[in-house]
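Enquirer: Contents of final28.csv (CSV, C-alpha atoms and all ligand atoms):
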```csv
chain,number,residue,atom,x,y,z
A,1065,MET,CA,15.6,-31.0,30.4
A,1066,ASN,CA,12.1,-31.8,29.5
A,1067,PHE,CA,10.2,-30.9,26.4
A,1068,ARG,CA,8.7,-27.7,27.9
A,1069,ASP,CA,12.2,-26.5,28.9
A,1070,VAL,CA,13.5,-27.0,25.3
A,1071,ARG,CA,10.7,-24.8,23.9
A,1072,MET,CA,11.9,-22.0,26.3
A,1073,ILE,CA,15.4,-21.9,24.8
A,1074,PRO,CA,14.6,-19.4,22.0
A,1075,CYS,CA,12.9,-17.0,24.5
A,1076,LEU,CA,15.9,-17.2,26.9
A,1077,LEU,CA,18.3,-16.5,24.0
A,1078,ALA,CA,16.3,-13.5,22.9
A,1079,SER,CA,16.2,-12.1,26.4
A,1080,CYS,CA,19.9,-12.5,26.8
A,1081,ALA,CA,20.4,-10.6,23.5
A,1082,LEU,CA,18.3,-7.7,24.7
A,1083,VAL,CA,20.3,-7.5,27.9
A,1084,VAL,CA,23.6,-7.4,25.9
A,1085,VAL,CA,22.2,-4.8,23.5
A,1086,GLY,CA,21.0,-2.7,26.4
A,1087,ALA,CA,24.4,-3.0,28.2
A,1088,LEU,CA,26.3,-2.0,25.1
A,1089,GLY,CA,24.1,1.0,24.4
A,1090,VAL,CA,23.3,-0.3,20.9
A,1091,ARG,CA,20.3,1.6,19.5
A,1092,ALA,CA,17.5,0.2,17.3
A,1093,ASP,CA,16.5,1.6,14.0
A,1094,GLU,CA,12.8,2.5,13.3
A,1095,TYR,CA,11.4,3.3,9.9
A,1096,LEU,CA,8.8,6.1,9.8
A,1097,SER,CA,6.7,6.4,6.6
A,1098,GLY,CA,5.9,10.1,7.3
A,1099,ILE,CA,2.2,9.4,6.5
A,1100,GLN,CA,-0.4,10.2,9.1
A,1101,TRP,CA,-3.4,7.9,8.7
A,1102,SER,CA,-6.9,8.5,9.9
A,1103,GLU,CA,-7.9,6.1,12.6
A,1104,PRO,CA,-9.7,2.9,11.2
A,1105,LYS,CA,-13.3,3.0,12.4
A,1106,VAL,CA,-14.5,0.3,14.8
A,1107,VAL,CA,-16.8,-2.2,13.1
A,1108,THR,CA,-18.5,-4.9,15.0
A,1109,PRO,CA,-18.4,-8.1,13.0
A,1110,GLY,CA,-21.6,-10.2,12.5
A,1111,LYS,CA,-22.3,-12.7,15.3
A,1112,THR,CA,-22.2,-15.6,13.0
A,1113,PRO,CA,-20.5,-16.2,9.7
A,1114,GLY,CA,-22.3,-14.3,7.0
A,1115,ALA,CA,-24.2,-12.1,9.4
A,1116,PRO,CA,-24.0,-8.3,8.6
A,1117,PRO,CA,-21.3,-6.3,10.3
A,1118,SER,CA,-22.4,-3.1,12.2
A,1119,ASP,CA,-21.7,-0.8,9.3
A,1120,ALA,CA,-23.6,-2.8,6.6
A,1121,VAL,CA,-26.6,-1.6,4.7
A,1122,VAL,CA,-29.0,-4.6,5.0
A,1123,LEU,CA,-31.0,-5.0,1.8
A,1124,PHE,CA,-32.9,-8.1,2.9
A,1125,ASP,CA,-33.1,-9.6,6.4
A,1126,GLY,CA,-36.0,-12.0,5.8
A,1127,LYS,CA,-38.8,-9.6,6.7
A,1128,ASP,CA,-39.8,-7.4,3.7
A,1129,LEU,CA,-38.9,-6.0,0.4
A,1130,SER,CA,-38.9,-2.3,1.5
A,1131,GLN,CA,-35.3,-1.8,0.4
A,1132,TRP,CA,-36.2,-2.6,-3.3
A,1133,VAL,CA,-38.1,-1.0,-6.1
A,1134,GLY,CA,-39.9,-3.0,-8.8
A,1135,ALA,CA,-40.6,-5.9,-6.4
A,1136,GLU,CA,-44.4,-6.0,-6.9
A,1137,ASN,CA,-44.2,-9.6,-8.2
A,1138,TRP,CA,-41.5,-10.8,-5.8
A,1139,LYS,CA,-42.6,-12.4,-2.6
A,1140,VAL,CA,-41.3,-13.0,0.9
A,1141,VAL,CA,-41.8,-16.8,1.7
A,1142,ASP,CA,-40.5,-18.3,4.9
A,1143,GLY,CA,-38.0,-15.5,5.4
A,1144,THR,CA,-36.7,-15.8,1.9
A,1145,MET,CA,-37.2,-13.6,-1.1
A,1146,LEU,CA,-38.7,-15.4,-4.1
A,1147,ALA,CA,-38.0,-14.0,-7.6
A,1148,GLY,CA,-41.0,-13.0,-9.6
A,1149,LYS,CA,-41.6,-11.2,-12.9
A,1150,GLY,CA,-39.4,-8.2,-13.4
A,1151,ASP,CA,-35.9,-7.2,-12.2
A,1152,ILE,CA,-35.6,-5.5,-8.8
A,1153,ARG,CA,-33.2,-2.7,-7.9
A,1154,SER,CA,-32.0,-1.6,-4.4
A,1155,LYS,CA,-33.1,1.9,-3.3
A,1156,ALA,CA,-29.6,2.5,-1.9
A,1157,GLU,CA,-26.9,3.1,-4.4
A,1158,PHE,CA,-23.3,1.9,-4.2
A,1159,GLY,CA,-19.9,2.5,-5.7
A,1160,ASP,CA,-17.0,0.5,-4.3
A,1161,CYS,CA,-18.5,-2.1,-1.9
A,1162,GLN,CA,-18.4,-5.4,-0.2
A,1163,LEU,CA,-21.5,-7.5,-0.8
A,1164,HIS,CA,-22.9,-10.6,0.8
A,1165,LEU,CA,-25.8,-12.5,-0.7
A,1166,GLU,CA,-27.3,-16.0,-0.4
A,1167,PHE,CA,-29.3,-17.7,-3.1
A,1168,ALA,CA,-30.8,-21.0,-3.9
A,1169,THR,CA,-31.8,-22.2,-7.4
A,1170,PRO,CA,-35.0,-24.2,-7.6
A,1171,LYS,CA,-35.0,-27.6,-5.9
A,1172,GLU,CA,-37.1,-29.0,-8.7
A,1173,VAL,CA,-34.8,-29.2,-11.7
A,1174,LYS,CA,-36.4,-27.8,-14.8
A,1175,GLY,CA,-34.8,-26.7,-18.1
A,1176,LYS,CA,-31.2,-26.9,-19.0
A,1177,GLY,CA,-28.3,-24.6,-19.8
A,1178,GLN,CA,-29.2,-20.9,-19.4
A,1179,GLY,CA,-32.8,-22.0,-18.7
A,1180,ARG,CA,-32.1,-23.6,-15.3
A,1181,GLY,CA,-32.0,-21.5,-12.1
A,1182,ASN,CA,-31.1,-18.3,-14.0
A,1183,SER,CA,-30.9,-15.0,-12.2
A,1184,GLY,CA,-28.1,-12.4,-11.9
A,1185,LEU,CA,-26.5,-10.0,-9.5
A,1186,PHE,CA,-25.8,-6.7,-11.2
A,1187,PHE,CA,-23.5,-4.0,-9.8
A,1188,MET,CA,-24.4,-0.4,-10.6
A,1189,ASP,CA,-27.4,-1.8,-12.6
A,1190,ARG,CA,-25.2,-3.0,-15.5
A,1191,TYR,CA,-22.4,-5.4,-14.6
A,1192,GLU,CA,-23.6,-9.0,-14.1
A,1193,LEU,CA,-22.2,-11.7,-11.9
A,1194,GLN,CA,-24.2,-14.7,-13.2
A,1195,ILE,CA,-26.5,-16.7,-10.9
A,1196,LEU,CA,-27.4,-20.1,-12.5
A,1197,ASP,CA,-27.9,-23.7,-11.5
A,1198,SER,CA,-24.5,-24.9,-12.7
A,1199,TYR,CA,-24.6,-28.2,-10.8
A,1200,ASN,CA,-24.3,-30.8,-13.5
A,1201,ASN,CA,-25.7,-28.4,-15.9
A,1202,LYS,CA,-23.4,-27.4,-18.8
A,1203,THR,CA,-23.6,-24.1,-20.6
A,1204,TYR,CA,-21.1,-21.7,-22.2
A,1205,PHE,CA,-18.4,-21.2,-19.6
A,1206,ASP,CA,-18.6,-17.4,-19.6
A,1207,GLY,CA,-22.3,-17.8,-18.8
A,1208,GLN,CA,-22.2,-20.3,-16.0
A,1209,CYS,CA,-22.7,-19.6,-12.3
A,1210,GLY,CA,-20.1,-17.2,-11.1
A,1211,ALA,CA,-19.2,-15.9,-14.5
A,1212,ILE,CA,-18.9,-12.2,-15.3
A,1213,TYR,CA,-21.4,-12.6,-18.0
A,1214,LYS,CA,-19.9,-13.1,-21.5
A,1215,GLN,CA,-16.5,-11.9,-20.2
A,1216,HIS,CA,-14.9,-14.4,-17.8
A,1217,PRO,CA,-15.9,-17.8,-16.5
A,1218,PRO,CA,-15.5,-18.6,-12.8
A,1219,LEU,CA,-12.0,-19.9,-12.0
A,1220,VAL,CA,-13.6,-23.1,-10.7
A,1221,ASN,CA,-17.2,-24.4,-10.4
A,1222,ALA,CA,-18.0,-24.2,-6.7
A,1223,SER,CA,-21.8,-24.6,-7.1
A,1224,ARG,CA,-23.9,-26.5,-4.6
A,1225,GLY,CA,-26.9,-28.5,-5.8
A,1226,PRO,CA,-30.4,-27.4,-6.7
A,1227,GLY,CA,-32.3,-26.0,-3.7
A,1228,GLU,CA,-29.2,-25.7,-1.6
A,1229,TRP,CA,-28.3,-22.3,-0.1
A,1230,GLN,CA,-25.2,-20.8,-1.6
A,1231,THR,CA,-23.2,-17.7,-0.8
A,1232,TYR,CA,-21.6,-14.9,-2.8
A,1233,ASP,CA,-19.1,-12.6,-1.1
A,1234,VAL,CA,-18.0,-9.9,-3.5
A,1235,ILE,CA,-15.5,-7.1,-3.5
A,1236,TRP,CA,-16.6,-4.6,-6.2
A,1237,MET,CA,-14.4,-1.7,-7.3
A,1238,ALA,CA,-16.4,0.6,-9.4
A,1239,PRO,CA,-15.1,2.1,-12.7
A,1240,ARG,CA,-14.0,5.7,-12.7
A,1241,PHE,CA,-14.9,8.3,-15.3
A,1242,GLN,CA,-13.6,11.7,-15.9
A,1243,ASP,CA,-14.9,14.2,-18.4
A,1244,GLY,CA,-16.9,11.4,-20.0
A,1245,LYS,CA,-13.9,9.1,-20.4
A,1246,LEU,CA,-13.0,5.9,-18.6
A,1247,VAL,CA,-9.9,6.5,-16.4
A,1248,ARG,CA,-10.0,3.3,-14.4
A,1249,PRO,CA,-12.0,0.1,-15.2
A,1250,ALA,CA,-14.1,-1.9,-12.7
A,1251,PHE,CA,-12.5,-4.8,-10.8
A,1252,ILE,CA,-14.3,-7.7,-9.1
A,1253,THR,CA,-13.3,-10.4,-6.7
A,1254,VAL,CA,-15.8,-13.1,-5.8
A,1255,LEU,CA,-15.9,-15.9,-3.3
A,1256,HIS,CA,-18.6,-18.5,-4.1
A,1257,ASN,CA,-19.5,-20.7,-1.1
A,1258,GLY,CA,-16.2,-19.5,0.3
A,1259,VAL,CA,-14.2,-20.5,-2.8
A,1260,LEU,CA,-12.3,-17.8,-4.9
A,1261,ILE,CA,-13.9,-17.8,-8.4
A,1262,GLN,CA,-13.0,-14.2,-9.6
A,1263,ASN,CA,-9.7,-12.8,-8.6
A,1264,HIS,CA,-9.5,-9.0,-9.1
A,1265,PHE,CA,-10.9,-9.5,-12.6
A,1266,GLN,CA,-10.8,-6.4,-14.7
A,1267,LEU,CA,-14.1,-5.8,-16.5
A,1268,GLN,CA,-14.1,-4.9,-20.2
A,1269,GLY,CA,-17.4,-3.0,-19.7
A,1270,ASP,CA,-21.0,-3.9,-19.2
A,1271,THR,CA,-22.4,-7.4,-19.7
A,1272,PRO,CA,-25.2,-7.6,-22.3
A,1273,TYR,CA,-26.2,-10.7,-24.3
A,1274,HIS,CA,-26.3,-9.1,-27.7
A,1275,ARG,CA,-23.1,-7.1,-28.2
A,1276,PRO,CA,-19.5,-6.8,-27.0
A,1277,PRO,CA,-19.0,-5.2,-23.6
A,1278,LYS,CA,-18.4,-1.5,-23.4
A,1279,TYR,CA,-18.1,1.3,-20.9
A,1280,GLU,CA,-20.6,4.1,-20.9
A,1281,PRO,CA,-20.1,6.9,-18.4
A,1282,HIS,CA,-22.5,6.7,-15.5
A,1283,PRO,CA,-22.8,8.1,-11.9
A,1284,ALA,CA,-20.3,7.1,-9.2
A,1285,LYS,CA,-23.0,5.1,-7.5
A,1286,GLY,CA,-25.7,2.8,-8.7
A,1287,PRO,CA,-28.3,0.3,-7.4
A,1288,ILE,CA,-27.8,-3.4,-7.0
A,1289,ARG,CA,-30.1,-5.2,-9.4
A,1290,LEU,CA,-31.4,-8.8,-9.1
A,1291,GLN,CA,-32.5,-10.4,-12.4
A,1292,TRP,CA,-35.8,-12.1,-13.2
A,1293,HIS,CA,-34.9,-14.6,-15.9
A,1294,GLY,CA,-38.0,-16.8,-15.7
A,1295,ASN,CA,-36.9,-19.0,-12.8
A,1296,PRO,CA,-38.1,-18.9,-9.2
A,1297,VAL,CA,-34.7,-18.4,-7.6
A,1298,ARG,CA,-34.7,-17.6,-3.8
A,1299,PHE,CA,-32.5,-15.1,-1.9
A,1300,ARG,CA,-31.8,-14.3,1.7
A,1301,ASN,CA,-29.4,-12.4,3.9
A,1302,ILE,CA,-28.3,-9.6,1.5
A,1303,TRP,CA,-26.1,-6.8,2.8
A,1304,VAL,CA,-23.6,-4.3,1.5
A,1305,ARG,CA,-20.7,-2.3,3.0
A,1306,GLU,CA,-19.4,0.7,1.3
A,1307,ILE,CA,-15.6,0.6,0.9
A,1308,ARG,CA,-13.9,3.8,1.9
A,1309,GLU,CA,-10.2,4.4,1.7
A,1310,LEU,CA,-8.6,5.9,4.8
A,1311,GLU,CA,-7.6,9.5,4.8
A,1312,LYS,CA,-3.9,10.2,4.9
A,1313,ARG,CA,-1.5,13.1,4.8
A,1314,ARG,CA,2.2,13.4,4.5
A,1315,VAL,CA,3.7,15.0,7.6
A,1316,HIS,CA,7.4,14.3,6.7
A,1317,GLU,CA,9.6,12.5,4.2
A,1318,PRO,CA,10.2,8.8,5.0
A,1319,LYS,CA,13.1,8.4,7.4
A,1320,ILE,CA,14.8,6.1,9.8
A,1321,VAL,CA,15.2,7.2,13.4
A,1322,LYS,CA,17.4,5.8,16.2
A,1323,HIS,CA,16.0,4.8,19.5
B,1,MG,MG,-28.5,-14.2,-15.5
```
Any chance you could put this one into C-alpha cells?
Ligand code: MG
Expert:
Amino acid sequence: MNFRDVRMIPCLLASCALVVVGALGVRADEYLSGIQWSEPKVVTPGKTPGAPPSDAVVLFDGKDLSQWVGAENWKVVDGTMLAGKGDIRSKAEFGDCQLHLEFATPKEVKGKGQGRGNSGLFFMDRYELQILDSYNNKTYFDGQCGAIYKQHPPLVNASRGPGEWQTYDVIWMAPRFQDGKLVRPAFITVLHNGVLIQNHFQLQGDTPYHRPPKYEPHPAKGPIRLQWHGNPVRFRNIWVREIRELEKRRVHEPKIVKH
C-alpha cells in the first residue's frame, strides 16, 4: 500500500459506516434552533487587501475631500489627505460600524511625546482612538498610538516608523441610551497594521484631556472626526461599513428531529 492509499483509509471506513447505518435503518438526529434568520446579504469583498467592500461608504478614495466638513485647510496631495488646521468631520454619520483607515505620521521627525505625529480618529465625534508617532517615541501609555485616549493603552505597540503607511481596522459598537440614561456602553476592537491592539474594550465614556471620561446621551449615529493636533499627518483609503444585525424570528421551540 503506498502513501496515497493509506490516506484513503479514513474515507473508506466512513463510507462503510454509512452503508451499515443505512442497512440497519438507524436514523440521524438533527438539532433545529427554531429561529428563522433573514438571509445574509451578498457583499463583494475588495479586490485587494484593504480595498473597500461593495457595501462600504468611502470617505476618502484619493480624489477629493467632498465627504468631509471643515476641511478648508486640509489638502489632497498625491492621492493622500494631508491634515491642516482644524478637525474635520464626515458628512455621513455612523453608529455600529467597521472602519478601515490608513495613516502616515510625518517622515521628518519633529517634536517628542504627544507633539510627534499626533492626530486622532474619533467615533461619533467624541471617542478617540489615538493616532501618534509611537515608533521609538515614549509618552504616557494610555496616550500612545492605538490607545483609547486616557482610558486604555494598546495591548502591544505595533507602530511602523515615521512616514510609513499604517492601517487601522476597527469594529465600533456604539453606546446605547434610553430615556437619557446609558443602557449599554461602547465597545471597540482595533487591529493596527493587522495586529490586535484593542480587544472588545469597554469604554468608560468620552476621551477628553482635562477630566475623567463620562457618557453624555447623544444621537444613535454621529460623524467620524479626524483631529488636527498641529502635525501634518497624512491619510488615505478611508471607508466605513455599517454593522447591522440579521433579522430573526422564532418559528418554533428548539427541538431534535429524526431523519
Ligand atoms: Mg490625538
Enquirer: Please provide as a ChimeraX atom specification all residues within 12 Å of A:Asn1257, with the sequence filter that same-chain residues fewer than 4 positions apart are discarded (counting all atoms listed in the file).
Expert: /A:1113-1114,1164-1168,1209-1210,1220-1225,1228-1234,1261
Enquirer: The selected residues should be written to file as a compact mmCIF listing (two decimals), in the coordinates of the input (atoms: C-alpha atoms).
Expert:
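Writing done, so here's part_3.txt:
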```txt
# COMPACT_ATOMS: atom_id res chain seq x y z
CA PRO A 1113 -20.50 -16.20 9.70
CA GLY A 1114 -22.30 -14.30 7.00
CA HIS A 1164 -22.90 -10.60 0.80
CA LEU A 1165 -25.80 -12.50 -0.70
CA GLU A 1166 -27.30 -16.00 -0.40
CA PHE A 1167 -29.30 -17.70 -3.10
CA ALA A 1168 -30.80 -21.00 -3.90
CA CYS A 1209 -22.70 -19.60 -12.30
CA GLY A 1210 -20.10 -17.20 -11.10
CA VAL A 1220 -13.60 -23.10 -10.70
CA ASN A 1221 -17.20 -24.40 -10.40
CA ALA A 1222 -18.00 -24.20 -6.70
CA SER A 1223 -21.80 -24.60 -7.10
CA ARG A 1224 -23.90 -26.50 -4.60
CA GLY A 1225 -26.90 -28.50 -5.80
CA GLU A 1228 -29.20 -25.70 -1.60
CA TRP A 1229 -28.30 -22.30 -0.10
CA GLN A 1230 -25.20 -20.80 -1.60
CA THR A 1231 -23.20 -17.70 -0.80
CA TYR A 1232 -21.60 -14.90 -2.80
CA ASP A 1233 -19.10 -12.60 -1.10
CA VAL A 1234 -18.00 -9.90 -3.50
CA ILE A 1261 -13.90 -17.80 -8.40
```
Enquirer: Which protein, DNA or RNA residues have an atom within 10 Å of ligand MG 1 (chain B), counting all atoms listed in the file, as a list in words?
Expert: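 Residues satisfying the distance criterion: Gln1178, Gly1179, Gly1181, Asn1182, Ser1183, Gly1184, Leu1185, Phe1186, Glu1192, Leu1193, Gln1194, Ile1195, Leu1196, Gly1207, Gln1208, Cys1209, Gly1210, Ala1211, Ile1212, Tyr1213, Tyr1273, Leu1290, Gln1291, Trp1292, His1293 and Gly1294 of chain A.
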Enquirer: Go through A:Val1315, A:Tyr1204, A:Asn1301, A:Ile1099 and flag the residue nearest A:Ala1115, using all atoms listed in the file for the distances.
Expert: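 Of all the options, A:Asn1301 lies closest to A:Ala1115.
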Enquirer: Any idea what the distance is between atom CA of A:Leu1163 and atom CA of A:Val1304?
Expert: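 About the pair atom CA of A:Leu1163 and atom CA of A:Val1304: they are 4.5 Å apart.
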Enquirer: With a cut-off of 10 Å, could you pull out the residues of stretch 1215-1315 of chain A touching stretch 1131-1134 of chain A and give me the nearest pair of atoms for each, distance in Å to one decimal, using only C-alpha atoms, ordered by chain and ascending number, as JSON lines?
Expert:
```
{"residue": "A:Pro1287", "atom": "CA", "partner": "A:Trp1132", "partner_atom": "CA", "distance": 9.4}
{"residue": "A:Ile1288", "atom": "CA", "partner": "A:Trp1132", "partner_atom": "CA", "distance": 9.2}
{"residue": "A:Arg1289", "atom": "CA", "partner": "A:Trp1132", "partner_atom": "CA", "distance": 9.0}
{"residue": "A:Leu1290", "atom": "CA", "partner": "A:Trp1132", "partner_atom": "CA", "distance": 9.8}
```
Enquirer: So how many Å separate atom CA of A:Leu1219 and atom CA of A:His1256, to one decimal?
Expert: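 Between these atoms lies a distance of 10.4 Å.
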Enquirer: Using atom CA of A:His1216 and atom CA of A:Gly1244 as the two end points, give the distance in Å to one decimal.
Expert: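 Computing it gives 26.0 Å between the two atoms.
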Enquirer: In terms of the shortest atom-to-atom distance over only C-alpha atoms, which of A:Phe1187, A:Trp1101, A:Tyr1199, A:Tyr1279 is closest to A:Thr1169?
Expert: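 Looking at the shortest contact to A:Thr1169, the residue is A:Tyr1199.
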Enquirer: From the options A:Asp1197, A:Asp1125, A:Glu1157, A:Glu1306, which residue's atoms come nearest to A:Gly1175, counting only C-alpha atoms?
Expert: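 Ranking A:Asp1197, A:Asp1125, A:Glu1157, A:Glu1306 by distance to A:Gly1175, first place goes to A:Asp1197.
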Enquirer: Have a look at A:Lys1176, A:Lys1214, A:Lys1139, A:Arg1305 and name the one nearest to A:Ser1198; count only C-alpha atoms.
Expert: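 Checking each of A:Lys1176, A:Lys1214, A:Lys1139, A:Arg1305 against A:Ser1198, counting only C-alpha atoms, the winner is A:Lys1176.
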Enquirer: Please work out which residues fall within 12 Å of (-20.8, -6.7, 11.2), coordinates as given in the file, with all atoms listed in the file counting, and return them as a PDB file with C-alpha atoms, keeping the file's coordinate frame.
Expert:
```
ATOM      1  CA  VAL A1106     -14.500   0.300  14.800  1.00  0.00           C
ATOM      2  CA  VAL A1107     -16.800  -2.200  13.100  1.00  0.00           C
ATOM      3  CA  THR A1108     -18.500  -4.900  15.000  1.00  0.00           C
ATOM      4  CA  PRO A1109     -18.400  -8.100  13.000  1.00  0.00           C
ATOM      5  CA  GLY A1110     -21.600 -10.200  12.500  1.00  0.00           C
ATOM      6  CA  LYS A1111     -22.300 -12.700  15.300  1.00  0.00           C
ATOM      7  CA  THR A1112     -22.200 -15.600  13.000  1.00  0.00           C
ATOM      8  CA  PRO A1113     -20.500 -16.200   9.700  1.00  0.00           C
ATOM      9  CA  GLY A1114     -22.300 -14.300   7.000  1.00  0.00           C
ATOM     10  CA  ALA A1115     -24.200 -12.100   9.400  1.00  0.00           C
ATOM     11  CA  PRO A1116     -24.000  -8.300   8.600  1.00  0.00           C
ATOM     12  CA  PRO A1117     -21.300  -6.300  10.300  1.00  0.00           C
ATOM     13  CA  SER A1118     -22.400  -3.100  12.200  1.00  0.00           C
ATOM     14  CA  ASP A1119     -21.700  -0.800   9.300  1.00  0.00           C
ATOM     15  CA  ALA A1120     -23.600  -2.800   6.600  1.00  0.00           C
ATOM     16  CA  VAL A1121     -26.600  -1.600   4.700  1.00  0.00           C
ATOM     17  CA  VAL A1122     -29.000  -4.600   5.000  1.00  0.00           C
ATOM     18  CA  GLN A1162     -18.400  -5.400  -0.200  1.00  0.00           C
ATOM     19  CA  HIS A1164     -22.900 -10.600   0.800  1.00  0.00           C
ATOM     20  CA  TRP A1303     -26.100  -6.800   2.800  1.00  0.00           C
ATOM     21  CA  VAL A1304     -23.600  -4.300   1.500  1.00  0.00           C
ATOM     22  CA  ARG A1305     -20.700  -2.300   3.000  1.00  0.00           C
TER      23      ARG A1305
END
```
Enquirer: Nearest residue to A:Pro1226 out of A:Asp1270, A:Asp1128, A:Glu1311, A:Glu1172, using only C-alpha atoms?
Expert: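 The answer is A:Glu1172, which sits nearest to A:Pro1226.
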